[in-house]
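Text of start-v9.cif, listed as mmCIF, C-alpha atoms:
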```cif
data_upload
loop_
_atom_site.group_PDB
_atom_site.id
_atom_site.type_symbol
_atom_site.label_atom_id
_atom_site.label_comp_id
_atom_site.auth_asym_id
_atom_site.auth_seq_id
_atom_site.Cartn_x
_atom_site.Cartn_y
_atom_site.Cartn_z
ATOM 1 C CA MET A 1152 41.735 -19.066 11.130
ATOM 2 C CA ARG A 1153 39.246 -16.175 11.005
ATOM 3 C CA THR A 1154 39.268 -13.257 13.344
ATOM 4 C CA LEU A 1155 36.138 -11.621 14.594
ATOM 5 C CA SER A 1156 35.917 -7.871 14.506
ATOM 6 C CA VAL A 1157 34.854 -6.240 17.728
ATOM 7 C CA PRO A 1158 32.397 -3.367 17.238
ATOM 8 C CA THR A 1159 33.837 -0.083 18.339
ATOM 9 C CA GLU A 1160 31.985 2.637 20.151
ATOM 10 C CA ASP A 1161 31.857 4.784 16.997
ATOM 11 C CA SER A 1162 30.395 2.017 14.844
ATOM 12 C CA LEU A 1163 27.729 1.260 17.479
ATOM 13 C CA ARG A 1164 26.891 4.944 17.743
ATOM 14 C CA ARG A 1165 26.484 5.192 13.942
ATOM 15 C CA GLU A 1166 24.272 2.111 13.900
ATOM 16 C CA PHE A 1167 22.113 3.508 16.712
ATOM 17 C CA ARG A 1168 21.711 6.841 14.869
ATOM 18 C CA ARG A 1169 20.724 5.024 11.675
ATOM 19 C CA HIS A 1170 18.015 3.030 13.464
ATOM 20 C CA LEU A 1171 16.799 6.112 15.329
ATOM 21 C CA PHE A 1172 16.494 8.029 12.056
ATOM 22 C CA ALA A 1173 14.558 5.153 10.482
ATOM 23 C CA LEU A 1174 12.148 5.057 13.432
ATOM 24 C CA GLN A 1175 11.619 8.820 13.313
ATOM 25 C CA LEU A 1176 11.011 8.705 9.566
ATOM 26 C CA HIS A 1177 8.516 5.861 9.990
ATOM 27 C CA TYR A 1178 6.677 7.824 12.715
ATOM 28 C CA PHE A 1179 6.556 10.977 10.560
ATOM 29 C CA ILE A 1180 5.207 9.102 7.523
ATOM 30 C CA ALA A 1181 2.550 7.375 9.650
ATOM 31 C CA ARG A 1182 1.391 10.713 11.093
ATOM 32 C CA LEU A 1183 1.326 12.300 7.642
ATOM 33 C CA ARG A 1184 -0.692 9.385 6.240
ATOM 34 C CA ASN A 1185 -3.221 9.652 9.082
ATOM 35 C CA ALA A 1186 -3.539 13.409 8.566
ATOM 36 C CA MET A 1187 -4.357 12.923 4.892
ATOM 37 C CA LYS A 1188 -7.181 10.422 5.447
ATOM 38 C CA ILE A 1189 -10.440 11.831 4.175
ATOM 39 C CA PRO A 1190 -13.637 10.451 5.651
ATOM 40 C CA THR A 1191 -15.823 8.698 3.128
ATOM 41 C CA GLY A 1192 -19.563 8.757 3.411
ATOM 42 C CA TYR A 1193 -22.606 10.718 2.338
ATOM 43 C CA GLN A 1194 -24.577 13.689 3.556
ATOM 44 C CA ASP A 1195 -28.333 14.038 3.679
ATOM 45 C CA GLU A 1196 -30.785 16.274 5.514
ATOM 46 C CA THR A 1197 -29.930 14.631 8.861
ATOM 47 C CA GLY A 1198 -26.172 15.198 8.551
ATOM 48 C CA PHE A 1199 -22.998 13.365 7.529
ATOM 49 C CA HIS A 1200 -22.905 9.571 7.701
ATOM 50 C CA TYR A 1201 -19.883 7.283 7.337
ATOM 51 C CA GLY A 1202 -20.156 4.403 4.922
ATOM 52 C CA VAL A 1203 -22.205 3.784 1.801
ATOM 53 C CA GLU A 1204 -25.559 5.436 1.249
ATOM 54 C CA PRO A 1205 -28.346 2.860 1.553
ATOM 55 C CA ALA A 1206 -30.037 1.902 -1.700
ATOM 56 C CA LYS A 1207 -33.424 3.438 -2.422
ATOM 57 C CA LYS A 1208 -36.325 0.996 -2.293
ATOM 58 C CA ASP A 1209 -38.692 0.663 -5.252
ATOM 59 C CA GLY A 1210 -41.830 2.742 -5.015
ATOM 60 C CA GLN A 1211 -40.214 5.646 -3.168
ATOM 61 C CA PRO A 1212 -39.949 8.965 -4.990
ATOM 62 C CA PRO A 1213 -36.406 10.321 -5.369
ATOM 63 C CA PRO A 1214 -35.457 13.004 -2.833
ATOM 64 C CA ASP A 1215 -35.631 16.602 -4.060
#
```

Using structure tokens, write down the structure from this file.
Amino acid sequence: MRTLSVPTEDSLRREFRRHLFALQLHYFIARLRNAMKIPTGYQDETGFHYGVEPAKKDGQPPPD
């Protein structure tokens, strides 16, 4: 016959601390990743634009 071990207060407390640390680490890494995001886009005479610069149409002179 097998006996089941009953979790003690200390083992539950250790398990809770381990999960809390993992959650805090996950939150810190997510905030760090968001802080390091660099906007991608292009800048012209009207300002900064997100996304890809539109292609130049044939017959237009290149901007100076």

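Atom pair atom CA of Met1187 of chain A / atom CA of Tyr1201 of chain A: separated by 16.7 Å.
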
(request) Using all atoms listed in the file, find the one residue out of A:Arg1165, A:Glu1204, A:Leu1155, A:His1170 that sits nearest to Thr1191 of chain A. (result) A:Glu1204

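Picture a line from atom CA of Ala1173 of chain A to atom CA of Asp1161 of chain A; it runs 18.5 Å.
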
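Note that the spacing between atom CA of Lys1207 of chain A and atom CA of Gln1194 of chain A amounts to 14.8 Å.
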
(request) Please provide as JSON, numbers by chain all residues within 12 Å of Pro1190 of chain A, with the sequence filter that same-chain residues fewer than 6 positions apart are discarded (counting only C-alpha atoms). (result) {"A": [1199, 1200, 1201, 1202, 1203]}

Around all the atoms of segment 1172-1177 of chain A listed in the file, draw an axis-aligned box and extend it by 6 Å on each of the six sides; I want its centre and edge lengths in Å to one decimal, as lines of an AutoDock Vina configuration file.
```
center_x = 12.5
center_y = 6.9
center_z = 11.5
size_x = 20.0
size_y = 15.8
size_z = 15.9
```
